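Trainee: This is the structure I have questions about; it appears just below.
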Amino acid sequence: MAKILIVEDNALNIKLFCDLLAAHGHKPEAVTDSRNALDAARDFEPDLVITDIQLPHVSGLDLIRLIRKDEQLAGVPIMAVTAYSAQGDEERIRAAGAQAYVSKPISVVRFAETVDELLKDGHDRGPPAKVDDEPEIDNPESRANQSEEGPGPGEAGGEGD
Ligand code: MN
């Protein structure tokens, strides 16, 4: 169970992300107004932040930079989700300080895998964990999905803004 903060202005995407994360045993919390996101993150102390990029008021890129500069939150992994993937977007998002990037409409398989990877990496950075903490699960579907770019079998939901 991980605490995951979602910053997203689209109600359908919030529902989709929260349902997905809850189904994977996590505890999601959503913020719709990015001006409240930093305070919400300080209060919630998430293990992972998932942020939309196209947000009113404080853009996702600015929010990522603010989190990276925040003493309390600087080490929290960030996953960006965006409807637009113009040339150079991923580089800008990573340069701002996000570890991962998923484009909308999301593949639910890729979304869940990326969440798992970031949570695992976060643990790796911490104090030494038990080696058999998280056994590898042999999942043919997830292996198949890593090798191809196209939408996975579980593609779902969520037009951008
Ligand atoms: Mn948006």
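Going by the structure tokens order, chains are called A, B, ..., each with residues numbered from 1, while ligands are numbered from 1 in the order shown.
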Chain A near ligand 1 within 10 Å: what's each residue's closest atom pair and its distance in Å to one decimal, counting only C-alpha atoms and all ligand atoms, ordered by chain then ascending residue number, as JSON lines?
Mentor:
```
{"residue": "A:Val7", "atom": "CA", "partner": "ligand 1", "partner_atom_place_in_ligand_line": "1 (Mn)", "distance": 8.9}
{"residue": "A:Glu8", "atom": "CA", "partner": "ligand 1", "partner_atom_place_in_ligand_line": "1 (Mn)", "distance": 5.8}
{"residue": "A:Asp9", "atom": "CA", "partner": "ligand 1", "partner_atom_place_in_ligand_line": "1 (Mn)", "distance": 5.0}
{"residue": "A:Asn10", "atom": "CA", "partner": "ligand 1", "partner_atom_place_in_ligand_line": "1 (Mn)", "distance": 5.8}
{"residue": "A:Ala11", "atom": "CA", "partner": "ligand 1", "partner_atom_place_in_ligand_line": "1 (Mn)", "distance": 9.5}
{"residue": "A:Asn13", "atom": "CA", "partner": "ligand 1", "partner_atom_place_in_ligand_line": "1 (Mn)", "distance": 8.9}
{"residue": "A:Thr32", "atom": "CA", "partner": "ligand 1", "partner_atom_place_in_ligand_line": "1 (Mn)", "distance": 9.2}
{"residue": "A:Thr51", "atom": "CA", "partner": "ligand 1", "partner_atom_place_in_ligand_line": "1 (Mn)", "distance": 9.0}
{"residue": "A:Asp52", "atom": "CA", "partner": "ligand 1", "partner_atom_place_in_ligand_line": "1 (Mn)", "distance": 5.6}
{"residue": "A:Ile53", "atom": "CA", "partner": "ligand 1", "partner_atom_place_in_ligand_line": "1 (Mn)", "distance": 6.4}
{"residue": "A:Gln54", "atom": "CA", "partner": "ligand 1", "partner_atom_place_in_ligand_line": "1 (Mn)", "distance": 4.2}
{"residue": "A:Leu55", "atom": "CA", "partner": "ligand 1", "partner_atom_place_in_ligand_line": "1 (Mn)", "distance": 4.6}
{"residue": "A:Pro56", "atom": "CA", "partner": "ligand 1", "partner_atom_place_in_ligand_line": "1 (Mn)", "distance": 7.4}
{"residue": "A:Ser59", "atom": "CA", "partner": "ligand 1", "partner_atom_place_in_ligand_line": "1 (Mn)", "distance": 9.0}
{"residue": "A:Gly60", "atom": "CA", "partner": "ligand 1", "partner_atom_place_in_ligand_line": "1 (Mn)", "distance": 8.8}
{"residue": "A:Val81", "atom": "CA", "partner": "ligand 1", "partner_atom_place_in_ligand_line": "1 (Mn)", "distance": 9.0}
{"residue": "A:Thr82", "atom": "CA", "partner": "ligand 1", "partner_atom_place_in_ligand_line": "1 (Mn)", "distance": 7.6}
{"residue": "A:Ala83", "atom": "CA", "partner": "ligand 1", "partner_atom_place_in_ligand_line": "1 (Mn)", "distance": 8.0}
{"residue": "A:Glu159", "atom": "CA", "partner": "ligand 1", "partner_atom_place_in_ligand_line": "1 (Mn)", "distance": 9.3}
{"residue": "A:Gly160", "atom": "CA", "partner": "ligand 1", "partner_atom_place_in_ligand_line": "1 (Mn)", "distance": 6.1}
{"residue": "A:Asp161", "atom": "CA", "partner": "ligand 1", "partner_atom_place_in_ligand_line": "1 (Mn)", "distance": 4.2}
```
Trainee: Please list as an MDAnalysis selection string every residue within 8 Å of A:Leu118, counting only C-alpha atoms and excluding residues in the same chain fewer than 4 positions away.
Mentor: chainID A and resid 48 77:79 99:100 114 122
Trainee: Just C-alpha atoms for this one: save the residues we selected as a PDB file, in the first residue's frame.
Mentor:
```
ATOM      1  CA  LEU A  48       4.455   9.023  -5.306  1.00  0.00           C
ATOM      2  CA  PRO A  77       9.094  10.253  -7.238  1.00  0.00           C
ATOM      3  CA  ILE A  78       6.913  12.054  -9.773  1.00  0.00           C
ATOM      4  CA  MET A  79       5.031  10.593 -12.705  1.00  0.00           C
ATOM      5  CA  GLN A  99      11.057  10.309 -13.296  1.00  0.00           C
ATOM      6  CA  ALA A 100       8.378   9.001 -15.629  1.00  0.00           C
ATOM      7  CA  THR A 114       5.064   2.720 -14.232  1.00  0.00           C
ATOM      8  CA  GLY A 122      11.761   4.928  -4.305  1.00  0.00           C
TER       9      GLY A 122
END
```
Trainee: State, in Å with one decimal place, the distance from atom CA of A:Ala80 to atom CA of A:Gly25.
Mentor: 20.6 Å
Trainee: Return the single residue from A:Arg65, A:Lys104, A:Lys27, A:Arg110 that is closest to A:Ala2, with distances computed using only C-alpha atoms.
Mentor: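 Between A:Arg65, A:Lys104, A:Lys27, A:Arg110, the residue approaching A:Ala2 most closely is A:Lys27.
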